$ cat model_18.txt   # compact mmCIF, C-alpha atoms
# COMPACT_ATOMS: atom_id res chain seq x y z
CA MET A 1 -0.53 -18.62 37.74
CA LYS A 2 -0.45 -14.86 37.18
CA GLN A 3 -1.92 -15.28 33.68
CA LEU A 4 -4.64 -17.59 35.08
CA LYS A 5 -5.64 -14.95 37.61
CA LEU A 6 -5.75 -12.32 34.88
CA ASN A 7 -7.93 -14.57 32.73
CA ILE A 8 -10.34 -15.18 35.63
CA LEU A 9 -10.59 -11.46 36.34
CA PHE A 10 -11.10 -10.72 32.64
CA LEU A 11 -13.86 -13.35 32.33
CA ALA A 12 -15.60 -11.89 35.37
CA ALA A 13 -15.54 -8.48 33.72
CA MET A 14 -16.96 -10.02 30.55
CA LEU A 15 -19.84 -11.63 32.42
CA LEU A 16 -20.65 -8.41 34.23
CA GLY A 17 -20.70 -6.62 30.88
CA LEU A 18 -23.07 -9.23 29.46
CA ILE A 19 -25.40 -8.90 32.44
CA ALA A 20 -25.46 -5.14 31.93
CA CYS A 21 -26.22 -5.53 28.22
CA ASN A 22 -29.11 -7.91 28.95
CA SER A 23 -30.68 -5.69 31.60
CA ASP A 24 -34.14 -4.32 30.88
CA ASP A 25 -33.18 -1.11 32.63
CA ASP A 26 -31.69 1.80 30.70
CA ALA A 27 -28.27 1.90 32.35
CA PRO A 28 -26.98 5.36 33.31
CA ILE A 29 -23.90 6.91 31.82
CA VAL A 30 -20.77 5.69 33.54
CA SER A 31 -18.73 8.86 33.54
CA VAL A 32 -15.12 9.46 34.42
CA PRO A 33 -14.73 13.07 35.54
CA ASP A 34 -12.06 15.28 34.09
CA PRO A 35 -9.02 14.86 36.38
CA ASP A 36 -8.82 18.65 36.50
CA PRO A 37 -12.44 19.84 36.25
CA ASP A 38 -11.46 23.46 36.70
CA PRO A 39 -8.27 23.84 34.67
CA GLU A 40 -6.36 27.07 34.77
CA VAL A 41 -7.39 29.29 31.88
CA VAL A 42 -4.40 29.95 29.63
CA ASP A 43 -4.00 32.02 26.52
CA PRO A 44 -4.14 30.05 23.25
CA VAL A 45 -0.78 29.36 21.62
CA VAL A 46 -0.41 31.19 18.31
CA THR A 47 1.71 29.07 15.98
CA GLY A 48 2.72 31.58 13.32
CA GLN A 49 1.28 29.31 10.60
CA SER A 50 -1.30 30.95 8.32
CA SER A 51 -4.91 29.82 8.65
CA ASN A 52 -5.82 31.21 5.23
CA GLY A 53 -6.57 28.91 2.33
CA PHE A 54 -6.25 25.14 2.72
CA VAL A 55 -4.92 23.73 5.96
CA MET A 56 -3.43 20.27 5.50
CA ALA A 57 -2.06 17.37 7.54
CA LEU A 58 1.18 16.44 5.76
CA ARG A 59 3.28 13.38 6.54
CA THR A 60 6.88 13.53 5.44
CA THR A 61 9.10 10.67 4.22
CA GLY A 62 12.49 9.41 5.32
CA ASP A 63 13.92 7.62 8.32
CA ASN A 64 12.01 9.86 10.72
CA GLU A 65 8.56 10.34 9.19
CA THR A 66 6.80 13.25 10.86
CA ASP A 67 3.34 14.79 10.70
CA TYR A 68 2.98 18.54 10.10
CA ILE A 69 0.10 20.98 9.85
CA VAL A 70 0.78 23.18 6.83
CA SER A 71 -1.28 25.71 4.89
CA LYS A 72 -1.34 27.00 1.31
CA GLU A 73 -3.88 29.12 -0.53
CA ASP A 74 -3.21 27.57 -3.94
CA ILE A 75 -2.90 23.77 -3.86
CA MET A 76 -3.34 23.25 -7.60
CA THR A 77 0.11 24.49 -8.63
CA GLY A 78 3.66 24.16 -7.39
CA GLU A 79 4.62 22.02 -4.41
CA ILE A 80 3.36 21.37 -0.88
CA SER A 81 6.17 20.94 1.63
CA ALA A 82 6.91 21.30 5.33
CA VAL A 83 10.43 22.60 4.70
CA GLY A 84 10.81 25.89 6.54
CA THR A 85 7.13 26.03 7.49
CA GLY A 86 4.38 24.13 9.22
CA ILE A 87 3.56 23.00 12.74
CA GLU A 88 5.64 19.94 13.62
CA LEU A 89 3.79 17.28 15.60
CA THR A 90 4.89 14.22 17.55
CA SER A 91 4.31 10.59 16.53
CA TRP A 92 1.82 9.27 14.02
CA ARG A 93 -1.38 11.38 14.24
CA PHE A 94 -5.09 11.14 13.61
CA PHE A 95 -6.82 14.29 12.29
CA TYR A 96 -10.53 15.12 12.45
CA PRO A 97 -12.36 18.40 11.72
CA VAL A 98 -15.33 19.67 13.72
CA GLY A 99 -16.76 22.87 12.29
CA GLN A 100 -13.76 25.16 11.88
CA THR A 101 -11.68 23.36 14.49
CA LEU A 102 -9.06 20.76 13.58
CA PHE A 103 -8.31 18.07 16.15
CA SER A 104 -5.04 16.14 16.13
CA THR A 105 -4.44 13.15 18.42
CA GLY A 106 -1.44 10.89 18.91
CA TYR A 107 -1.38 7.16 18.31
CA SER A 108 1.33 4.80 19.56
CA GLU A 109 3.88 7.18 21.08
CA ASP A 110 1.80 10.12 22.26
CA ASN A 111 -1.36 10.17 24.40
CA GLN A 112 -2.14 13.83 23.82
CA GLY A 113 -4.70 15.62 21.70
CA ALA A 114 -4.96 19.24 20.61
CA ALA A 115 -7.48 21.54 18.94
CA TYR A 116 -6.39 24.09 16.33
CA GLY A 117 -8.32 27.01 14.89
CA ASP A 118 -8.06 30.51 13.43
CA ASN A 119 -7.10 33.25 15.92
CA GLY A 120 -9.03 35.98 14.11
CA ALA A 121 -5.87 37.48 12.65
CA GLY A 122 -5.15 34.91 9.97
CA LEU A 123 -2.96 32.60 12.05
CA ILE A 124 -3.49 29.09 13.40
CA GLU A 125 -3.67 28.83 17.19
CA LYS A 126 -3.68 25.86 19.50
CA LYS A 127 -6.91 26.39 21.43
CA GLY A 128 -6.68 23.61 23.98
CA GLY A 129 -5.52 20.09 24.66
CA PHE A 130 -6.26 16.89 26.52
CA ILE A 131 -4.78 13.48 27.34
CA PHE A 132 -6.17 9.95 27.11
CA GLU A 133 -5.30 6.48 28.40
CA ASN A 134 -5.46 4.47 25.15
CA ALA A 135 -5.28 5.77 21.60
CA LEU A 136 -8.37 7.57 20.34
CA GLU A 137 -9.05 5.70 17.08
CA MET A 138 -12.63 6.57 16.15
CA PHE A 139 -14.13 10.03 15.73
CA GLY A 140 -17.41 11.76 15.02
CA ALA A 141 -19.11 15.10 15.59
CA SER A 142 -22.38 16.54 16.82
CA ASP A 143 -24.87 17.85 14.27
CA ASP A 144 -24.22 21.46 15.32
CA GLY A 145 -20.46 21.22 14.76
CA LYS A 146 -19.64 22.15 18.35
CA THR A 147 -18.63 18.80 19.83
CA LEU A 148 -16.07 16.12 18.98
CA LEU A 149 -16.81 12.51 19.84
CA ALA A 150 -13.62 10.47 20.21
CA MET A 151 -13.35 6.85 21.31
CA GLU A 152 -10.59 4.77 22.87
CA ILE A 153 -10.56 1.21 21.48
CA ALA A 154 -8.34 -0.96 23.67
CA ARG A 155 -7.71 -4.33 21.99
CA ASP A 156 -8.01 -6.38 25.17
CA GLN A 157 -11.02 -4.70 26.81
CA PRO A 158 -14.72 -4.85 25.90
CA THR A 159 -15.61 -1.42 27.30
CA ARG A 160 -15.14 1.59 25.02
CA ARG A 161 -14.26 5.00 26.49
CA LEU A 162 -16.13 7.77 24.68
CA HIS A 163 -14.71 11.28 25.06
CA ILE A 164 -17.00 14.29 24.61
CA ILE A 165 -14.81 17.29 23.71
CA ASP A 166 -15.76 20.94 23.26
CA ALA A 167 -14.69 22.14 19.81
CA GLY A 168 -14.58 25.74 21.02
CA THR A 169 -12.11 25.18 23.85
CA GLY A 170 -10.50 21.86 22.92
CA LEU A 171 -11.20 20.57 26.44
CA VAL A 172 -12.82 17.29 27.49
CA LYS A 173 -16.31 17.75 28.92
CA GLN A 174 -17.04 14.12 29.77
CA ILE A 175 -15.71 10.58 29.42
CA SER A 176 -18.24 7.75 29.37
CA ASN A 177 -17.71 4.00 29.51
CA ILE A 178 -20.03 2.32 27.03
CA ASN A 179 -20.65 -1.29 26.03
CA ILE A 180 -21.19 -1.65 22.29
CA PHE A 181 -21.02 -5.45 22.07
CA VAL A 182 -19.48 -8.32 24.01
CA GLU A 183 -19.93 -12.09 23.74
CA PRO A 184 -17.97 -13.74 26.57
CA SER A 185 -16.22 -17.09 26.39
CA ILE A 186 -14.63 -19.43 28.94
CA ASP A 187 -11.35 -18.68 27.19
CA PRO A 188 -10.96 -14.88 27.19
CA ARG A 189 -9.03 -15.12 23.92
CA GLU A 190 -12.22 -16.42 22.28
CA THR A 191 -14.35 -13.58 23.61
CA LYS A 192 -15.90 -11.42 20.89
CA ILE A 193 -15.86 -7.66 21.30
CA SER A 194 -16.59 -4.66 19.09
CA TRP A 195 -14.39 -2.65 16.76
CA PRO A 196 -16.36 0.54 15.95
CA THR A 197 -16.05 2.01 12.45
CA ALA A 198 -18.00 5.30 12.79
CA LEU A 199 -19.60 7.59 15.38
CA GLN A 200 -22.54 9.05 13.47
CA VAL A 201 -24.92 11.43 15.24
CA ARG A 202 -28.34 12.05 13.70
CA GLY A 203 -30.92 13.87 15.76
CA ASP A 204 -31.39 12.15 19.11
CA LYS A 205 -29.49 8.99 18.13
CA LEU A 206 -25.85 7.94 17.96
CA PHE A 207 -25.21 5.18 15.42
CA ILE A 208 -22.06 3.07 15.89
CA PRO A 209 -21.39 0.46 13.19
CA PHE A 210 -18.92 -2.18 14.32
CA GLN A 211 -17.03 -5.29 13.39
CA LYS A 212 -16.88 -8.28 15.72
CA ILE A 213 -13.31 -9.16 16.62
CA LYS A 214 -11.69 -11.76 18.82
CA ASN A 215 -10.01 -10.56 21.97
CA GLU A 216 -6.75 -12.30 21.07
CA PHE A 217 -3.57 -11.74 23.09
CA ASP A 218 -0.32 -13.54 23.77
CA ASP A 219 0.93 -15.13 27.01
CA LYS A 220 2.18 -11.75 28.19
CA GLY A 221 -1.25 -10.20 27.78
CA ALA A 222 -0.44 -8.20 24.64
CA ALA A 223 -3.07 -8.03 21.88
CA ILE A 224 -1.79 -9.78 18.77
CA ASP A 225 -4.31 -9.07 16.03
CA LEU A 226 -7.77 -7.82 15.13
CA GLY A 227 -9.14 -11.26 14.30
CA THR A 228 -12.48 -10.47 12.69
CA THR A 229 -15.32 -12.91 13.32
CA ASP A 230 -18.81 -13.19 11.83
CA PRO A 231 -17.69 -11.45 8.61
CA ASP A 232 -20.90 -12.17 6.68
CA GLU A 233 -23.17 -9.68 8.45
CA ALA A 234 -23.42 -5.93 9.04
CA PHE A 235 -23.95 -4.58 12.57
CA VAL A 236 -24.91 -1.17 13.99
CA ALA A 237 -25.44 -0.30 17.65
CA VAL A 238 -28.01 2.47 18.23
CA PHE A 239 -27.59 4.69 21.31
CA SER A 240 -29.58 7.64 22.58
CA TYR A 241 -28.00 11.09 22.16
CA PRO A 242 -26.89 13.36 23.77
CA ASN A 243 -27.81 11.35 26.90
CA ILE A 244 -25.70 8.38 25.86
CA GLY A 245 -26.49 5.28 27.91
CA ALA A 246 -23.91 2.71 28.93
CA ASN A 247 -25.62 0.18 26.64
CA PRO A 248 -27.19 0.54 23.18
CA GLU A 249 -30.94 0.83 22.83
CA LYS A 250 -30.63 -1.94 20.26
CA ILE A 251 -28.30 -3.58 17.78
CA ILE A 252 -29.46 -3.96 14.20
CA SER A 253 -27.98 -6.35 11.65
CA ASP A 254 -28.24 -7.24 7.97
CA ASN A 255 -26.94 -10.37 6.24
CA ARG A 256 -26.88 -9.00 2.69
CA THR A 257 -23.30 -7.74 3.08
CA SER A 258 -20.29 -7.92 5.40
CA ASN A 259 -19.13 -5.99 8.48
CA ILE A 260 -19.36 -2.24 8.03
CA GLY A 261 -16.22 -0.15 7.51
CA ILE A 262 -12.50 -0.82 7.80
CA ASN A 263 -9.84 -0.24 10.42
CA GLY A 264 -8.72 3.39 10.63
CA ALA A 265 -11.59 4.89 8.61
CA THR A 266 -14.13 7.09 10.40
CA THR A 267 -16.76 7.10 7.65
CA GLY A 268 -18.22 3.61 7.88
CA LEU A 269 -21.59 5.36 8.10
CA ILE A 270 -22.31 8.70 6.38
CA GLU A 271 -25.34 11.01 6.34
CA SER A 272 -26.82 12.54 3.18
CA SER A 273 -28.53 15.93 3.03
CA ASN A 274 -32.00 14.38 3.47
CA GLY A 275 -31.00 12.59 6.67
CA ASP A 276 -30.59 9.11 5.20
CA LEU A 277 -27.60 7.14 6.47
CA TYR A 278 -25.48 4.97 4.16
CA SER A 279 -22.92 2.37 5.24
CA PHE A 280 -20.13 0.72 3.28
CA SER A 281 -18.92 -2.85 3.67
CA CYS A 282 -15.65 -4.22 2.32
CA GLY A 283 -14.94 -7.74 3.59
CA ALA A 284 -11.56 -8.00 1.83
CA VAL A 285 -8.54 -9.84 3.21
CA MET A 286 -6.35 -6.96 2.03
CA ALA A 287 -8.45 -4.65 4.22
CA GLY A 288 -7.75 -6.70 7.33
CA PHE A 289 -10.45 -9.37 7.42
CA SER A 290 -9.15 -12.67 8.75
CA GLU A 291 -10.79 -14.32 5.77
CA ALA A 292 -12.72 -12.79 2.94
CA SER A 293 -16.43 -12.39 3.52
CA THR A 294 -18.65 -14.53 1.31
CA LYS A 295 -21.07 -11.60 1.03
CA PRO A 296 -20.62 -8.89 -1.60
CA SER A 297 -19.12 -5.52 -0.83
CA GLY A 298 -21.99 -3.07 -0.79
CA ILE A 299 -23.97 -0.19 0.66
CA LEU A 300 -26.92 -0.34 3.08
CA ARG A 301 -29.31 2.46 4.03
CA ILE A 302 -31.04 3.59 7.21
CA LYS A 303 -33.75 6.04 6.17
CA ASN A 304 -34.28 9.34 7.93
CA ASN A 305 -36.25 9.01 11.20
CA GLU A 306 -35.69 5.23 11.12
CA THR A 307 -33.40 3.04 13.21
CA GLU A 308 -33.53 -0.11 11.06
CA PHE A 309 -31.87 -1.06 7.80
CA ASP A 310 -34.02 -0.34 4.76
CA ASN A 311 -35.07 -3.78 3.47
CA GLU A 312 -35.86 -2.26 0.07
CA TYR A 313 -32.38 -0.82 -0.46
CA PHE A 314 -29.07 -2.57 -1.10
CA PHE A 315 -26.39 -1.52 -3.57
CA ASN A 316 -24.16 -4.43 -4.58
CA VAL A 317 -21.01 -2.44 -5.41
CA GLU A 318 -18.95 -5.56 -5.98
CA GLU A 319 -21.30 -6.63 -8.77
CA ALA A 320 -21.38 -3.12 -10.25
CA THR A 321 -17.57 -2.94 -10.38
CA ASN A 322 -16.82 -6.47 -11.62
CA GLY A 323 -15.38 -7.67 -8.34
CA GLY A 324 -14.23 -4.41 -6.75
CA LYS A 325 -14.55 -3.86 -3.00
CA LEU A 326 -15.22 -0.57 -1.22
CA PHE A 327 -12.27 0.74 0.79
CA SER A 328 -13.75 4.13 1.73
CA LEU A 329 -16.92 6.20 1.38
CA ASP A 330 -17.44 9.97 1.88
CA TYR A 331 -20.51 12.09 1.28
CA ALA A 332 -20.05 14.42 -1.70
CA GLY A 333 -23.35 16.37 -1.81
CA GLY A 334 -26.77 15.70 -3.30
CA ASN A 335 -27.18 11.98 -3.86
CA LYS A 336 -23.46 11.46 -4.54
CA ALA A 337 -20.58 9.90 -2.62
CA ILE A 338 -16.88 9.68 -3.42
CA ALA A 339 -15.18 6.37 -2.71
CA ARG A 340 -12.07 4.29 -3.16
CA ILE A 341 -12.43 0.80 -4.63
CA LEU A 342 -9.99 -2.09 -4.30
CA THR A 343 -9.93 -3.39 -7.86
CA ASN A 344 -8.92 -6.84 -6.57
CA ASP A 345 -8.37 -8.70 -3.31
CA THR A 346 -5.36 -10.79 -4.25
CA GLY A 347 -2.90 -9.49 -1.67
CA ASN A 348 -2.07 -10.52 1.87
CA LYS A 349 -3.94 -9.50 5.00
CA TRP A 350 -3.67 -5.72 5.67
CA GLU A 351 -1.75 -5.18 2.41
CA ALA A 352 -4.21 -2.51 1.24
CA PHE A 353 -2.86 -0.30 4.03
CA GLY A 354 0.73 -0.43 2.78
CA ARG A 355 2.76 0.98 -0.08
CA THR A 356 3.48 -2.17 -2.07
CA VAL A 357 0.18 -2.66 -3.91
CA PHE A 358 -1.37 0.14 -5.98
CA ASN A 359 -4.81 -1.22 -6.83
CA GLN A 360 -7.18 1.48 -5.59
CA LYS A 361 -9.29 3.59 -7.91
CA LEU A 362 -11.36 6.67 -7.10
CA VAL A 363 -15.05 6.63 -8.06
CA ILE A 364 -18.21 8.69 -7.78
CA ILE A 365 -21.24 6.76 -6.53
CA ASP A 366 -24.84 7.78 -7.15
CA LEU A 367 -26.47 6.45 -4.01
CA GLU A 368 -30.02 6.66 -5.36
CA ALA A 369 -29.44 5.50 -8.94
CA LYS A 370 -26.98 2.84 -7.73
CA THR A 371 -24.26 3.60 -10.25
CA VAL A 372 -20.47 3.76 -10.00
CA THR A 373 -18.42 6.05 -12.26
CA ASP A 374 -14.62 5.94 -12.35
CA VAL A 375 -13.03 9.36 -11.81
CA ALA A 376 -11.14 10.18 -15.01
CA ASN A 377 -7.45 11.16 -15.03
CA ILE A 378 -6.58 9.67 -11.64
CA PRO A 379 -4.17 6.70 -11.65
CA LEU A 380 -4.46 3.54 -9.58
CA HIS A 381 -2.90 4.26 -6.23
CA ALA A 382 -2.46 3.23 -2.59
CA LYS A 383 -4.05 4.86 0.44
CA ARG A 384 -4.00 3.93 4.08
CA TYR A 385 -5.53 6.64 6.25
CA THR A 386 -7.43 9.79 5.42
CA SER A 387 -9.63 12.18 7.37
CA PRO A 388 -13.13 12.73 5.96
CA ILE A 389 -12.66 14.09 2.43
CA LEU A 390 -13.13 17.84 2.02
CA VAL A 391 -15.87 18.65 -0.51
CA GLU A 392 -16.82 22.25 -1.27
CA ASN A 393 -18.59 23.90 -4.21
CA GLY A 394 -18.90 20.54 -5.96
CA LYS A 395 -15.15 19.86 -5.78
CA ALA A 396 -13.43 17.20 -3.66
CA TYR A 397 -9.75 17.29 -2.69
CA VAL A 398 -7.74 14.10 -2.32
CA SER A 399 -4.14 12.97 -1.94
CA VAL A 400 -3.10 10.35 -4.49
CA GLU A 401 0.06 8.30 -3.94
CA THR A 402 1.58 6.08 -6.63
CA ALA A 403 4.82 4.09 -6.57
CA SER A 404 6.78 7.10 -7.87
CA ASP A 405 5.16 10.24 -6.45
CA ALA A 406 2.25 11.91 -4.65
CA TYR A 407 -0.03 14.71 -5.89
CA VAL A 408 -3.09 16.65 -4.88
CA TYR A 409 -6.09 16.04 -7.13
CA GLN A 410 -9.22 18.14 -7.39
CA VAL A 411 -12.27 16.06 -8.32
CA ASP A 412 -15.31 17.53 -10.05
CA VAL A 413 -18.09 15.46 -8.48
CA ALA A 414 -20.68 16.21 -11.18
CA THR A 415 -18.47 15.12 -14.08
CA ALA A 416 -16.33 12.54 -12.23
CA THR A 417 -13.16 14.19 -13.55
CA GLY A 418 -9.88 14.65 -11.73
CA THR A 419 -7.38 17.49 -12.19
CA LYS A 420 -3.80 17.08 -11.01
CA GLY A 421 -2.65 19.80 -8.62
CA ALA A 422 0.40 20.47 -6.50
CA LYS A 423 3.16 17.91 -6.03
CA ILE A 424 3.36 16.62 -2.46
CA ILE A 425 6.87 16.70 -1.06
CA GLY A 426 6.27 13.93 1.42
CA LYS A 427 4.48 10.63 1.87
CA THR A 428 0.86 11.75 1.90
CA ILE A 429 -1.62 14.41 2.91
CA LYS A 430 -3.87 12.89 5.57
CA GLY A 431 -6.55 15.53 5.20
CA PHE A 432 -7.57 18.89 3.75
CA PHE A 433 -9.37 21.36 6.04
CA ARG A 434 -10.77 24.88 6.28
CA LEU A 435 -10.35 26.82 9.53
CA LYS A 436 -12.09 30.00 8.39

$ encode --input "model_18.txt" --output "structure tokens"
Amino acid sequence: MKQLKLNILFLAAMLLGLIACNSDDDAPIVSVPDPDPDPEVVDPVVTGQSSNGFVMALRTTGDNETDYIVSKEDIMTGEISAVGTGIELTSWRFFYPVGQTLFSTGYSEDNQGAAYGDNGAGLIEKKGGFIFENALEMFGASDDGKTLLAMEIARDQPTRRLHIIDAGTGLVKQISNINIFVEPSIDPRETKISWPTALQVRGDKLFIPFQKIKNEFDDKGAAIDLGTTDPDEAFVAVFSYPNIGANPEKIISDNRTSNIGINGATTGLIESSNGDLYSFSCGAVMAGFSEASTKPSGILRIKNNETEFDNEYFFNVEEATNGGKLFSLDYAGGNKAIARILTNDTGNKWEAFGRTVFNQKLVIIDLEAKTVTDVANIPLHAKRYTSPILVENGKAYVSVETASDAYVYQVDVATATGTKGAKIIGKTIKGFFRLK
């Protein structure tokens, strides 16, 4: 009886959400005020960790895997370790840079976020912090590099809570409830909701690509899986910005490829220097799709000043790589992107996120010429989560994990050549950052 009541209440919420989405009126922002709108001003916490050189998010190995923020000026020689150094963090963490601020947020065991930056004297300081109800799992930034966009994605709720956070102070300015997509059903477990795969701001628009997932949960009300539906189409919700409405201005779709992005990646949609947006679609079972998409893995484009997919542009990456499927995509300057390709999709669901199959290769993609070039000297590897890849002066920095070890690699984007750097004493580096 209790579950029946919960289902009825949930269905009512679904129907209200659908009515809101179908309204001709531009719904106002539904904001949740900061619980402490005038927090006491406190001095930033200086950590003692250097902010010079490369700042990295390092995850250790062992029975108690832990995330650390470490720094090193030379990451092309020697070793990178948290032993005797680093800022120890709690639980599994997400990391996302905004300008020269690094945000770190907890996942399953910690509902706190923090902002780190340089204190002006060569040390990393914790500038501010905030809490959230459900894990923040999708991130983006304003064009001016002053604001973090972070989104809660509860598995059993259609509404998405978007946090607007000041990169200078690390404090939440606003929380808005937004409806990206919902398709109700008599059985709440059959209701389709959104799983966003990027928060991409361009000018006065916020683009949110998303997958459609089933709102599946067990008899106790716990979500059991991200059951993707409608895998043979790409979807993007377009919102106004910075005055973000509760509902999108429109949703655009394209049936030439599959749902955009993958779980855990924040770069489902990237912006090039000329303002064009490019999306990547995977559709692989190993990347979490309930069944493989019948459409090829590929790249779509939304031209600058446009809010529709470019009908004249589609890059069939799967065809260009003899069956490979995109697993990531990061802008690398000019007309280039750096990406990871699953060389096959022969594993079990979600297996690409583990450490049992090493079938990912690193490539450089020419977005205009529609070519894919394998990066030389980098072995096939595994990779689950990474922050947006750091690219500076034509060089990209990546963490490469094989069955036996993990190393930093520097990638020359122009020549598609990798150079092995420091050995990683740990499981992986989740991201490379600059704080000054």

$ atom_distance --input "model_18.txt" --atom1 "atom CA of A:Thr101" --atom2 "atom CA of A:Thr197"
21.9 Å

$ atom_distance --input "model_18.txt" --atom1 "atom CA of A:Arg93" --atom2 "atom CA of A:Thr60"
12.3 Å

$ closest_residue --input "model_18.txt" --among "A:Gly106, A:Gly298, A:Gly264, A:Gly334" --to "A:Tyr385" --atoms "all atoms listed in the file"
A:Gly264

$ atom_distance --input "model_18.txt" --atom1 "atom CA of A:Lys127" --atom2 "atom CA of A:Gln174"
18.0 Å

$ closest_residue --input "model_18.txt" --among "A:Val55, A:Val182, A:Leu136, A:Ala284" --to "A:Gln112" --atoms "all atoms listed in the file"
A:Leu136

$ closest_residue --input "model_18.txt" --among "A:Pro296, A:Arg202, A:Gly394, A:Thr428" --to "A:Ala406" --atoms "all atoms listed in the file"
A:Thr428

$ residues_around --input "model_18.txt" --residues "A:Ser91" --least-positions-apart "2" --cutoff "10 Å" --atoms "only C-alpha atoms" --output "list in words"
Asn64, Glu65, Thr66, Asp67, Glu88, Leu89, Arg93, Phe94, Thr105, Gly106, Tyr107, Ser108, Glu109, Asp110 and Asn111 of chain A

$ residues_around --input "model_18.txt" --residues "A:Tyr331" --least-positions-apart "2" --cutoff "9 Å" --atoms "all atoms listed in the file" --output "ChimeraX atom specification"
/A:267,270-272,329,333-339,388-389,391

$ residues_near_point --input "model_18.txt" --point "(-14.4, 9.4, 14.4)" --cutoff "7 Å" --atoms "all atoms listed in the file" --output "PyMOL selection string"
chain A and resi 138-140+149-150+198-199+266

$ residues_around --input "model_18.txt" --residues "A:Val400" --least-positions-apart "6" --cutoff "9 Å" --atoms "all atoms listed in the file" --output "number ranges by chain"
A: 378-383, 406-409, 428-429

$ closest_residue --input "model_18.txt" --among "A:Leu206, A:Ile341, A:Ala237, A:Ile299" --to "A:Arg256" --atoms "all atoms listed in the file"
A:Ile299

$ residues_around --input "model_18.txt" --residues "A:Glu392" --least-positions-apart "4" --cutoff "12 Å" --atoms "all atoms listed in the file" --output "PyMOL selection string"
chain A and resi 54+331-333+396-397+410-413+432-434

$ residues_around --input "model_18.txt" --residues "A:Ile124" --least-positions-apart "5" --cutoff "8 Å" --atoms "all atoms listed in the file" --output "ChimeraX atom specification"
/A:46-51,116-119

$ build_atoms --input "model_18.txt" --residues "stretch 342-346 of chain A" --atoms "all heavy atoms" --output "CSV table (one decimal), keeping the file's coordinate frame"
chain,number,residue,atom,x,y,z
A,342,LEU,N,-11.1,-1.1,-4.0
A,342,LEU,CA,-10.0,-2.1,-4.3
A,342,LEU,C,-10.4,-2.9,-5.5
A,342,LEU,O,-11.4,-3.6,-5.6
A,342,LEU,CB,-9.8,-3.1,-3.1
A,342,LEU,CG,-9.5,-2.4,-1.8
A,342,LEU,CD1,-9.5,-3.5,-0.7
A,342,LEU,CD2,-8.1,-1.8,-1.8
A,343,THR,N,-9.6,-2.7,-6.6
A,343,THR,CA,-9.9,-3.4,-7.9
A,343,THR,C,-9.8,-4.9,-7.8
A,343,THR,O,-10.3,-5.6,-8.6
A,343,THR,CB,-9.1,-2.8,-9.0
A,343,THR,OG1,-7.7,-3.0,-8.7
A,343,THR,CG2,-9.4,-1.4,-9.2
A,344,ASN,N,-9.0,-5.4,-6.8
A,344,ASN,CA,-8.9,-6.8,-6.6
A,344,ASN,C,-8.6,-7.1,-5.1
A,344,ASN,O,-8.1,-6.2,-4.4
A,344,ASN,CB,-7.9,-7.5,-7.5
A,344,ASN,CG,-6.5,-6.9,-7.3
A,344,ASN,OD1,-5.9,-7.1,-6.3
A,344,ASN,ND2,-6.0,-6.1,-8.3
A,345,ASP,N,-8.7,-8.3,-4.7
A,345,ASP,CA,-8.4,-8.7,-3.3
A,345,ASP,C,-7.4,-9.9,-3.4
A,345,ASP,O,-7.7,-11.0,-2.8
A,345,ASP,CB,-9.6,-9.1,-2.5
A,345,ASP,CG,-9.4,-9.3,-1.0
A,345,ASP,OD1,-8.3,-8.8,-0.5
A,345,ASP,OD2,-10.2,-10.1,-0.4
A,346,THR,N,-6.3,-9.7,-4.0
A,346,THR,CA,-5.4,-10.8,-4.2
A,346,THR,C,-4.1,-10.7,-3.4
A,346,THR,O,-3.2,-11.5,-3.4
A,346,THR,CB,-4.9,-10.8,-5.7
A,346,THR,OG1,-4.3,-9.5,-6.1
A,346,THR,CG2,-6.1,-11.1,-6.6
